[in-house]
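Below: one structure, written as structure tokens.
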2 protein chains.
Amino acid sequence: MDGERAEELTDLVENSDLTGIRLWLAEHRPHEIADELARMPGREAIIPFRLLDKDRELEVFEELDPSQQQNILLGLRGTDFHDLLEEMEPDDRARLIGEAPAKIATRALAGLSPAERKMTAALLGYPEDSVGRYMTPETVILHRDLTVGRALEVVRARGADAETIYILPVVSDGRRMVGTITLSDLVVSDDDRILKDLVDVLAPRVRANEQVEDAARLIQEANLVSLPVVDSEDRFVGLFTFDDALEVIEAADSEDMARQSGASPVGDHYVSVGVLRLVGARSVWLMLLIVAATLTINVMQVYEATLEEVTALAMFVPMLIGTGGNVGAQSATAIVRALAVGEVRVRDLPGVIWKEGRVGLLLGFMLAGIALVIGSLLVGTDIAVVVACSVIAICTWAAVIGSSMPLLARKVGVDPAVVSSPMVATLVDATGLLIYFSIARMILGI
Amino acid sequence: MDGERAEELTDLVENSDLTGIRLWLAEHRPHEIADELARMPGREAIIPFRLLDKDRELEVFEELDPSQQQNILLGLRGTDFHDLLEEMEPDDRARLIGEAPAKIATRALAGLSPAERKMTAALLGYPEDSVGRYMTPETVILHRDLTVGRALEVVRARGADAETIYILPVVSDGRRMVGTITLSDLVVSDDDRILKDLVDVLAPRVRANEQVEDAARLIQEANLVSLPVVDSEDRFVGLFTFDDALEVIEAADSEDMARQSGASPVGDHYVSVGVLRLVGARSVWLMLLIVAATLTINVMQVYEATLEEVTALAMFVPMLIGTGGNVGAQSATAIVRALAVGEVRVRDLPGVIWKEGRVGLLLGFMLAGIALVIGSLLVGTDIAVVVACSVIAICTWAAVIGSSMPLLARKVGVDPAVVSSPMVATLVDATGLLIYFSIARMILGI
């Protein structure tokens with residue numbers, strides 16, 4: 001069903017079947033439409049987009065990634081362009097303008113009404129990955145001296161213009177943050193109670209210049225619908241909402257996964273990203289790693305005499321370094337994720353090394369058993385013993401390296417996710433070979 | 001600061017400093033307390049837990065993982081045990097009881113009030129990973145013929161008992177689902193309007209027996225605070241809320257990352273998981289992969305004569321298979337993630353192969369340049385040319401294999417995330433060696 005629906009819209013656009021497109025659009029929800037548009041080249045996507053009703057246009061537009069939004073904007077002219085921007089939520093608009101080429105950005109800002117322009121400029125004043133860029137200033141603010149009844153009147157009068165009213169900021173004079181009250185609590189409380197007796201003063205808040213990912217994880221951990229944002233003097237400036245937090249987390253997880261595989265995050269929709277951008281995102285680490293792999297050649301050269309004497313040793317090289325890389329990748333991935341979700345901290349380093357070292361040792365023994373059998377069957381007991389002992393040492397070593405590197409990275413202020421599986425594998429390759437040949441010399445007496 | 005706070009609670013518990021613990025607890029929010037408890041062994045965690053105020057006890061408890069909850073429950077007796085369970089949200093309770101050993105489960109169910117027991121039993125009737133297990137039946141349901149004013153009265157009277165009232169289900173006779181109205185819309189609408197004119201009939205809904213991960217991704221994509229759940233006859237049965245969706249997504253992403261590294265997901269907090277469980281989770285794939293690596297030995301044996309003639313060929317084996325594994329891992333990771341967030345579908349297979357094939361080819365050329373330089377410097381031009389040509393072929397091949405395997409897995413109904421980086425690397429190892437030695441024979445004429 002998923003497949004049929006999608007083919008349909010592409011086909012309809014290709015055949016310029018306007019009636020068909022209109023019908024298709026009417027039958028789908030904004031996020032489904034955005035999904036399909038994201039898969040089309042920029043110029044094609046503009047056709048169905050223009051056929052949307054005015055009010056749905058905005059909903060679909062806000063579901064798109066900034067680069068797709070730019071594509072759409074380039075295809076719109078004059079009033080359509082300005083109407084769309086004017087109606088956008090201020091935080092979404094600020095991010096779009098912040099990332100757009102100067103030409104689009106200037107045109108966009110120039111066309112806004114003074115009020116919207118002011119709001120956008122204020123948001124653009126915050127650093128790029130800060131909460132300030134992601135918060136909405138369009139909220140209903142309640143003074144702590146209001147009664148519930150009066151507060152509800154204020155919400156009913158002004159709530160329609162706000163992006164979100166599920167969580168309402170409660171302030172004292174000068175917009176100083178007191179705490180929050182949920183719309184639910186407001187609705188179920190008696191009319192004559194005073195807000196200051198109901199407000200949750202322990203409700204978490206964040207500074208506008210804090211990292212947006214930290215704020216998003218806080219929303220996730222504390223199960224908040226939205227999080228009040230304050231300035232350096234604790235004055236309320238906006239709300240960071242859960243839907244923006246979800247997007248930030250999804251993007252952060254995608255970035256972590258890409259980095260884990262030794263690639264830079266691309267950010268855009270996979271289908272719409274070009275080959276050259278993918279190459280660019282992946283090539284840096286690959287080039288560094290292939291240079292680092294020169295170490296493995298050096299190690300092999302050092303032991304060239306040993307290799308010439310016992311050619312069979314070379315045959316186990318791929319299996320040994322492969323296994324070491326696998327064990328290291330597992331440990332690194334486990335720790336990177338544990339760091340990301342806050343289960344492990346830098347000061348846990350000794351405990352983590354102790355735990356992973358034992359895990360690696362046990363895995364090493366299990367795998368050594370298998371290697372011993374394979375080795376004995378294929379080449380003989382002597383070499384099989386060398387291989388088995390190497391497996392134990394390499395697995396332990398790989399687990400220790402794989403688990404400690406992300407923690408060390410965090411300690412020196414580097415994103416732990418850059419400690420990718422390929423990086424750990426490459427490190428373990430060279431050192432693993434050293435271990436292997438040393439053990440071989442010891443046991444075989446060469 | 002993060003570090004100091006944590007040391008403090010552990011220290012306080014170790015020193016049995018009850019006053020200190022009480023003070024610490026008063027200064028922290030439930031999710032922070034749960035975080036610290038999760039890091040302690042089961043028996044220790046019970047001490048601070050018992051010192052919590054009754055009303056915060058529940059909040060902290062609901063933030064814990066089921067296995068940690070079981071530990072706490074085992075440390076409580078009699079009325080404390082039953083009070084805690086009675087107060088839990090029905091969906092959280094059903095999941096806890098569903099996963100608990102039979103002994104705890106029976107004791108837990110027996111102690112519940114008839115109303116709560118009935119609700120729990122109903123939720124337990126749904127399959128384990130279905131939305132039914134995660135939804136809350138405690139909602140305020142509105143009939144479509146109500147006026148806004150009357151609906152608000154209903155919400156105000158009954159809202160306090162509901163888990164969530166941000167999104168309100170609107171039904172016709174027999175609880176048949178009509179659509180939803182947000183509390184915000186209700187609050188800002190005129191009192192005398194009728195719900196059926198305001199209700200969002202296009203609001204998405206899910207069946208109770210659908211996969212919970214699909215429902216969670218829908219909440220994320222469509223930015224919903226909660227999602228109505230219906231039975232097979234379209235009758236409203238509960239709400240699936242965004243905070244449960246966030247947990248489901250975080251768990252799913254953690255699982256995907258673990259699988260990507262060739263490990264089974266462990267589920268529990270990293271710090272509280274024992275060494276043996278980690279070994280168990282990681283050993284299966286490692287053992288399969290080391291057996292599969294026997295193929296690399298076979299390939300090396302086939303080309304033993306070639307290797308003996310030109311020992312230098314062996315030196316580039318780690319670099320070549322490492323690079324192939326890296327390129328394959330990048331492609332596999334990109335596609336697994338694109339599948340998880342819905343950017344790529346099975347029918348995109350030809351397009352994905354075409355795109356990744358070109359990416360691999362270009363990366364191959366870039367890396368071949370570096371390999372050519374390294375090879376020439378270290379051993380000589382002949383072999384350097386062999387290595388460079390092999391890099392191009394292996395990178396292209398690895399990108400194609402790495403990207404197509406997750407799609408093929410999805411096609412045959414297997415979780416694409418099991419196509420781990422180690423699995424791709426192992427596959428590319430053996431085939432990469434075949435490519436390498438074939439090229440060597442061709443170019444060197446041996």
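To be explicit about the labels: the chains of the structure tokens are called A, B, and onward in the order shown, and within each one the residues are counted from 1, while ligands get numbers from 1 in the order they are shown.
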Taking 6 positions as the minimum chain separation for residues in the same chain, which residues sit within 12 Å of segment 147-155 of chain A when counting only C-alpha atoms? Answer as number ranges by chain. A: 139-141, 161-162, 164-170, 181-199; B: 152, 183-190
Return the neighbours of chain A among the residues of chain B, cut-off 6 Å, counting only C-alpha atoms, as a PyMOL selection string. chain B and resi 31+156+187-188+222-223+243+261+275+279+293+297+300+315+319+326+329-330+359+422
Only N, CA, C and O atoms, please: the residues just picked out, written as a PDB file, in the first residue's frame.
```pdb
ATOM      1  N   HIS B  31      13.350  12.593  37.543  1.00  0.00           N
ATOM      2  CA  HIS B  31      14.155  11.869  36.549  1.00  0.00           C
ATOM      3  C   HIS B  31      15.630  11.863  36.927  1.00  0.00           C
ATOM      4  O   HIS B  31      16.358  10.938  36.573  1.00  0.00           O
ATOM      5  N   ARG B 156     -13.347  19.661  33.160  1.00  0.00           N
ATOM      6  CA  ARG B 156     -12.979  20.215  34.457  1.00  0.00           C
ATOM      7  C   ARG B 156     -13.387  19.282  35.591  1.00  0.00           C
ATOM      8  O   ARG B 156     -12.711  19.188  36.609  1.00  0.00           O
ATOM      9  N   VAL B 187     -10.427  25.209  24.586  1.00  0.00           N
ATOM     10  CA  VAL B 187     -10.341  26.373  25.464  1.00  0.00           C
ATOM     11  C   VAL B 187     -10.556  27.680  24.699  1.00  0.00           C
ATOM     12  O   VAL B 187     -11.167  28.604  25.201  1.00  0.00           O
ATOM     13  N   VAL B 188     -10.055  27.750  23.478  1.00  0.00           N
ATOM     14  CA  VAL B 188     -10.166  29.019  22.754  1.00  0.00           C
ATOM     15  C   VAL B 188     -11.423  29.127  21.889  1.00  0.00           C
ATOM     16  O   VAL B 188     -11.624  30.149  21.234  1.00  0.00           O
ATOM     17  N   ALA B 222       4.115  13.179  12.833  1.00  0.00           N
ATOM     18  CA  ALA B 222       2.971  14.083  12.740  1.00  0.00           C
ATOM     19  C   ALA B 222       2.930  15.061  13.918  1.00  0.00           C
ATOM     20  O   ALA B 222       1.970  15.815  14.051  1.00  0.00           O
ATOM     21  N   ASN B 223       3.964  15.051  14.768  1.00  0.00           N
ATOM     22  CA  ASN B 223       4.046  15.995  15.897  1.00  0.00           C
ATOM     23  C   ASN B 223       2.807  15.963  16.793  1.00  0.00           C
ATOM     24  O   ASN B 223       2.206  17.005  17.057  1.00  0.00           O
ATOM     25  N   ASP B 243       5.059  10.897  25.547  1.00  0.00           N
ATOM     26  CA  ASP B 243       6.179  10.533  26.416  1.00  0.00           C
ATOM     27  C   ASP B 243       6.480   9.038  26.316  1.00  0.00           C
ATOM     28  O   ASP B 243       7.645   8.628  26.307  1.00  0.00           O
ATOM     29  N   SER B 261      26.162  -2.904  15.452  1.00  0.00           N
ATOM     30  CA  SER B 261      27.522  -3.287  15.810  1.00  0.00           C
ATOM     31  C   SER B 261      27.611  -4.798  16.012  1.00  0.00           C
ATOM     32  O   SER B 261      28.605  -5.300  16.525  1.00  0.00           O
ATOM     33  N   VAL B 275      28.432  -8.479  33.418  1.00  0.00           N
ATOM     34  CA  VAL B 275      29.374  -8.869  32.368  1.00  0.00           C
ATOM     35  C   VAL B 275      28.823 -10.033  31.545  1.00  0.00           C
ATOM     36  O   VAL B 275      28.899 -10.039  30.313  1.00  0.00           O
ATOM     37  N   VAL B 279      28.274 -10.336  27.531  1.00  0.00           N
ATOM     38  CA  VAL B 279      28.914 -11.371  26.727  1.00  0.00           C
ATOM     39  C   VAL B 279      27.861 -12.126  25.918  1.00  0.00           C
ATOM     40  O   VAL B 279      28.019 -12.362  24.713  1.00  0.00           O
ATOM     41  N   ALA B 293      34.517 -16.182   8.754  1.00  0.00           N
ATOM     42  CA  ALA B 293      35.846 -15.706   8.369  1.00  0.00           C
ATOM     43  C   ALA B 293      36.740 -16.834   7.887  1.00  0.00           C
ATOM     44  O   ALA B 293      37.800 -16.589   7.305  1.00  0.00           O
ATOM     45  N   ILE B 297      40.353 -17.598   5.077  1.00  0.00           N
ATOM     46  CA  ILE B 297      41.475 -18.541   5.112  1.00  0.00           C
ATOM     47  C   ILE B 297      41.473 -19.381   3.845  1.00  0.00           C
ATOM     48  O   ILE B 297      42.518 -19.596   3.221  1.00  0.00           O
ATOM     49  N   MET B 300      42.848 -17.421   0.986  1.00  0.00           N
ATOM     50  CA  MET B 300      44.300 -17.280   1.104  1.00  0.00           C
ATOM     51  C   MET B 300      44.994 -18.590   0.723  1.00  0.00           C
ATOM     52  O   MET B 300      46.069 -18.596   0.108  1.00  0.00           O
ATOM     53  N   MET B 315      51.270  -8.112   2.678  1.00  0.00           N
ATOM     54  CA  MET B 315      51.341  -6.929   3.543  1.00  0.00           C
ATOM     55  C   MET B 315      50.187  -5.962   3.371  1.00  0.00           C
ATOM     56  O   MET B 315      49.884  -5.185   4.266  1.00  0.00           O
ATOM     57  N   MET B 319      45.179  -3.591   5.067  1.00  0.00           N
ATOM     58  CA  MET B 319      44.724  -2.295   4.574  1.00  0.00           C
ATOM     59  C   MET B 319      43.542  -2.444   3.626  1.00  0.00           C
ATOM     60  O   MET B 319      42.536  -1.743   3.733  1.00  0.00           O
ATOM     61  N   ASN B 326      35.297  -0.599   5.888  1.00  0.00           N
ATOM     62  CA  ASN B 326      34.883   0.765   6.242  1.00  0.00           C
ATOM     63  C   ASN B 326      33.850   1.313   5.262  1.00  0.00           C
ATOM     64  O   ASN B 326      32.828   1.870   5.661  1.00  0.00           O
ATOM     65  N   ALA B 329      30.585  -0.487   5.718  1.00  0.00           N
ATOM     66  CA  ALA B 329      29.907  -0.087   6.953  1.00  0.00           C
ATOM     67  C   ALA B 329      29.214   1.263   6.780  1.00  0.00           C
ATOM     68  O   ALA B 329      28.089   1.463   7.245  1.00  0.00           O
ATOM     69  N   GLN B 330      29.876   2.191   6.106  1.00  0.00           N
ATOM     70  CA  GLN B 330      29.253   3.500   5.877  1.00  0.00           C
ATOM     71  C   GLN B 330      27.964   3.365   5.076  1.00  0.00           C
ATOM     72  O   GLN B 330      26.926   3.930   5.439  1.00  0.00           O
ATOM     73  N   VAL B 359      28.991   6.207  -5.588  1.00  0.00           N
ATOM     74  CA  VAL B 359      29.712   6.725  -4.421  1.00  0.00           C
ATOM     75  C   VAL B 359      30.944   5.863  -4.151  1.00  0.00           C
ATOM     76  O   VAL B 359      32.055   6.371  -3.961  1.00  0.00           O
ATOM     77  N   PRO B 422      29.866  -5.261  11.238  1.00  0.00           N
ATOM     78  CA  PRO B 422      30.723  -6.452  11.228  1.00  0.00           C
ATOM     79  C   PRO B 422      30.312  -7.475  10.176  1.00  0.00           C
ATOM     80  O   PRO B 422      31.157  -8.107   9.544  1.00  0.00           O
TER      81      PRO B 422
END
```
Residues of segment 78-321 of chain A in strand (DSSP E or B) according to DSSP, as a VMD selection string? chain A and resid 130 136 142 to 143 147 167 to 172 176 to 182 194 200 206 to 207 211 226 to 230 235 to 241
Take the residues from that selection and write them out as a tab-separated table (two decimals), in the first residue's frame, keeping N, CA, C and O atoms.
```tsv
chain	number	residue	atom	x	y	z
A	130	SER	N	21.80	26.73	19.45
A	130	SER	CA	21.29	27.04	20.78
A	130	SER	C	19.77	26.87	20.83
A	130	SER	O	19.10	26.85	19.80
A	136	THR	N	9.78	29.07	20.53
A	136	THR	CA	8.75	29.94	19.98
A	136	THR	C	8.50	31.07	20.96
A	136	THR	O	8.28	30.84	22.14
A	142	LEU	N	1.41	34.28	31.76
A	142	LEU	CA	0.49	34.58	32.85
A	142	LEU	C	1.24	35.17	34.04
A	142	LEU	O	2.32	34.70	34.39
A	143	HIS	N	0.63	36.18	34.66
A	143	HIS	CA	1.24	36.75	35.85
A	143	HIS	C	0.82	35.93	37.07
A	143	HIS	O	-0.31	35.46	37.15
A	147	THR	N	-5.98	35.03	39.12
A	147	THR	CA	-6.75	33.87	39.56
A	147	THR	C	-6.86	32.91	38.39
A	147	THR	O	-6.63	33.28	37.24
A	167	ILE	N	1.63	24.20	28.01
A	167	ILE	CA	2.35	24.58	29.22
A	167	ILE	C	2.47	26.10	29.21
A	167	ILE	O	2.92	26.69	28.21
A	168	LEU	N	2.03	26.72	30.28
A	168	LEU	CA	1.97	28.17	30.31
A	168	LEU	C	2.99	28.72	31.30
A	168	LEU	O	3.03	28.31	32.46
A	169	PRO	N	3.83	29.65	30.82
A	169	PRO	CA	4.82	30.25	31.71
A	169	PRO	C	4.13	31.21	32.70
A	169	PRO	O	3.24	31.97	32.31
A	170	VAL	N	4.51	31.13	33.96
A	170	VAL	CA	3.99	32.04	34.98
A	170	VAL	C	5.15	32.93	35.41
A	170	VAL	O	6.22	32.43	35.76
A	171	VAL	N	4.93	34.25	35.37
A	171	VAL	CA	6.02	35.20	35.64
A	171	VAL	C	5.62	36.18	36.73
A	171	VAL	O	4.44	36.33	37.05
A	172	SER	N	6.64	36.82	37.32
A	172	SER	CA	6.36	37.94	38.21
A	172	SER	C	6.65	39.22	37.42
A	172	SER	O	6.79	39.16	36.20
A	176	ARG	N	9.90	38.05	34.92
A	176	ARG	CA	10.82	37.15	35.59
A	176	ARG	C	10.13	35.81	35.83
A	176	ARG	O	9.03	35.73	36.34
A	177	MET	N	10.81	34.76	35.45
A	177	MET	CA	10.24	33.41	35.47
A	177	MET	C	9.96	32.94	36.89
A	177	MET	O	10.86	32.95	37.75
A	178	VAL	N	8.72	32.51	37.15
A	178	VAL	CA	8.40	31.91	38.44
A	178	VAL	C	8.33	30.40	38.30
A	178	VAL	O	8.88	29.65	39.10
A	179	GLY	N	7.65	29.95	37.27
A	179	GLY	CA	7.49	28.52	37.03
A	179	GLY	C	6.49	28.32	35.92
A	179	GLY	O	6.26	29.23	35.13
A	180	THR	N	5.90	27.13	35.85
A	180	THR	CA	4.93	26.88	34.79
A	180	THR	C	3.66	26.28	35.39
A	180	THR	O	3.67	25.75	36.49
A	181	ILE	N	2.58	26.40	34.64
A	181	ILE	CA	1.37	25.66	34.99
A	181	ILE	C	0.87	25.03	33.70
A	181	ILE	O	0.97	25.63	32.63
A	182	THR	N	0.42	23.79	33.78
A	182	THR	CA	-0.08	23.16	32.57
A	182	THR	C	-1.50	23.61	32.32
A	182	THR	O	-2.24	23.95	33.26
A	194	ILE	N	-5.34	31.28	43.22
A	194	ILE	CA	-4.34	32.18	42.65
A	194	ILE	C	-3.21	31.36	42.02
A	194	ILE	O	-2.80	30.34	42.58
A	200	ASP	N	4.18	25.34	39.30
A	200	ASP	CA	5.25	24.38	39.57
A	200	ASP	C	6.58	25.12	39.51
A	200	ASP	O	7.13	25.35	38.43
A	206	VAL	N	15.55	26.33	30.77
A	206	VAL	CA	16.90	26.39	30.19
A	206	VAL	C	17.20	27.81	29.74
A	206	VAL	O	16.30	28.59	29.46
A	207	ARG	N	18.50	28.09	29.67
A	207	ARG	CA	18.95	29.37	29.13
A	207	ARG	C	18.91	29.32	27.60
A	207	ARG	O	19.22	28.29	27.02
A	211	GLN	N	22.99	24.54	24.55
A	211	GLN	CA	22.92	23.63	23.42
A	211	GLN	C	21.52	23.06	23.26
A	211	GLN	O	20.93	22.56	24.22
A	226	SER	N	6.54	21.05	26.85
A	226	SER	CA	7.44	22.12	26.44
A	226	SER	C	8.22	22.65	27.63
A	226	SER	O	7.88	22.38	28.77
A	227	LEU	N	9.27	23.35	27.32
A	227	LEU	CA	10.27	23.74	28.31
A	227	LEU	C	10.45	25.25	28.21
A	227	LEU	O	10.73	25.77	27.14
A	228	PRO	N	10.27	25.99	29.32
A	228	PRO	CA	10.45	27.43	29.24
A	228	PRO	C	11.92	27.81	29.05
A	228	PRO	O	12.80	27.17	29.60
A	229	VAL	N	12.14	28.85	28.25
A	229	VAL	CA	13.49	29.32	27.97
A	229	VAL	C	13.62	30.73	28.56
A	229	VAL	O	12.73	31.56	28.41
A	230	VAL	N	14.72	30.95	29.26
A	230	VAL	CA	14.92	32.24	29.92
A	230	VAL	C	16.23	32.87	29.45
A	230	VAL	O	17.10	32.19	28.91
A	235	ARG	N	14.62	36.05	32.80
A	235	ARG	CA	13.36	36.53	32.23
A	235	ARG	C	12.90	35.56	31.16
A	235	ARG	O	13.71	35.08	30.35
A	236	PHE	N	11.57	35.29	31.14
A	236	PHE	CA	11.03	34.37	30.16
A	236	PHE	C	11.16	34.93	28.74
A	236	PHE	O	10.80	36.08	28.50
A	237	VAL	N	11.69	34.11	27.81
A	237	VAL	CA	11.79	34.59	26.42
A	237	VAL	C	11.09	33.69	25.41
A	237	VAL	O	10.81	34.12	24.29
A	238	GLY	N	10.76	32.46	25.78
A	238	GLY	CA	10.08	31.60	24.82
A	238	GLY	C	9.91	30.18	25.33
A	238	GLY	O	10.34	29.85	26.44
A	239	LEU	N	9.24	29.35	24.53
A	239	LEU	CA	9.03	27.95	24.89
A	239	LEU	C	9.69	27.06	23.85
A	239	LEU	O	9.57	27.30	22.65
A	240	PHE	N	10.37	26.03	24.33
A	240	PHE	CA	10.95	25.03	23.43
A	240	PHE	C	10.01	23.83	23.50
A	240	PHE	O	9.80	23.26	24.55
A	241	THR	N	9.39	23.47	22.36
A	241	THR	CA	8.32	22.48	22.39
A	241	THR	C	8.79	21.07	22.04
A	241	THR	O	9.82	20.90	21.39
```
Closest to Ile394 of chain B among B:Leu372, B:Leu408, B:Val428, B:Ala216, using only C-alpha atoms?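 Selected residue with least distance to Ile394 of chain B: B:Val428.
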Report the residues of segment 201-375 of chain A whose backbone DSSP state falls under helix (DSSP H, G or I), written as a count of residues only. 124
Atom CA of Ala94 of chain B to atom CA of Leu123 of chain B, straight-line distance in Å: 6.2 Å
Leaving out Arg56 of chain A and any residue of its chain fewer than 5 positions from it, which residues lie within 12 Å of it when counting only C-alpha atoms, given as a ChimeraX atom specification? /A:25-26,28-31,33-34,48-51,61-63,84,87-88
My list of candidates is A:Ala115, A:Glu59, A:Ala108, A:Ala208. Which is closest to Glu128 of chain A when distances are computed with only C-alpha atoms? A:Ala208
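Of the residues listed (B:Gly75, B:Asp91, B:Pro350, B:Ala440), B:Ala440 shows the shortest atom-to-atom separation from Ile383 of chain B; distances use only C-alpha atoms.
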Near Leu124 of chain A, within 7 Å and counting only C-alpha atoms, which residues show up once chain neighbours fewer than 3 positions away are dropped, as a PyMOL selection string? chain A and resi 94+98+120-121+133
Please produce a file of those selected residues containing N, CA, C and O atoms, as a short mmCIF file (atom, residue, chain, number, x, y, z; two decimals), in the first residue's frame.
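That gives us part-v3.cif:
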```cif
data_model
loop_
_atom_site.label_atom_id
_atom_site.label_comp_id
_atom_site.auth_asym_id
_atom_site.auth_seq_id
_atom_site.Cartn_x
_atom_site.Cartn_y
_atom_site.Cartn_z
N ALA A 94 13.13 31.36 11.53
CA ALA A 94 14.48 31.83 11.85
C ALA A 94 15.52 30.81 11.41
O ALA A 94 16.57 31.15 10.85
N GLY A 98 18.27 31.46 8.67
CA GLY A 98 19.65 31.34 9.14
C GLY A 98 20.50 30.45 8.26
O GLY A 98 21.70 30.64 8.13
N THR A 120 11.89 37.47 14.27
CA THR A 120 12.88 36.64 13.58
C THR A 120 14.30 37.12 13.87
O THR A 120 15.20 36.32 14.13
N ALA A 121 14.48 38.45 13.82
CA ALA A 121 15.80 39.00 14.07
C ALA A 121 16.27 38.63 15.48
O ALA A 121 17.43 38.28 15.69
N ARG A 133 17.35 29.45 19.00
CA ARG A 133 16.94 29.32 17.61
C ARG A 133 15.70 28.44 17.44
O ARG A 133 15.05 28.46 16.41
#
```
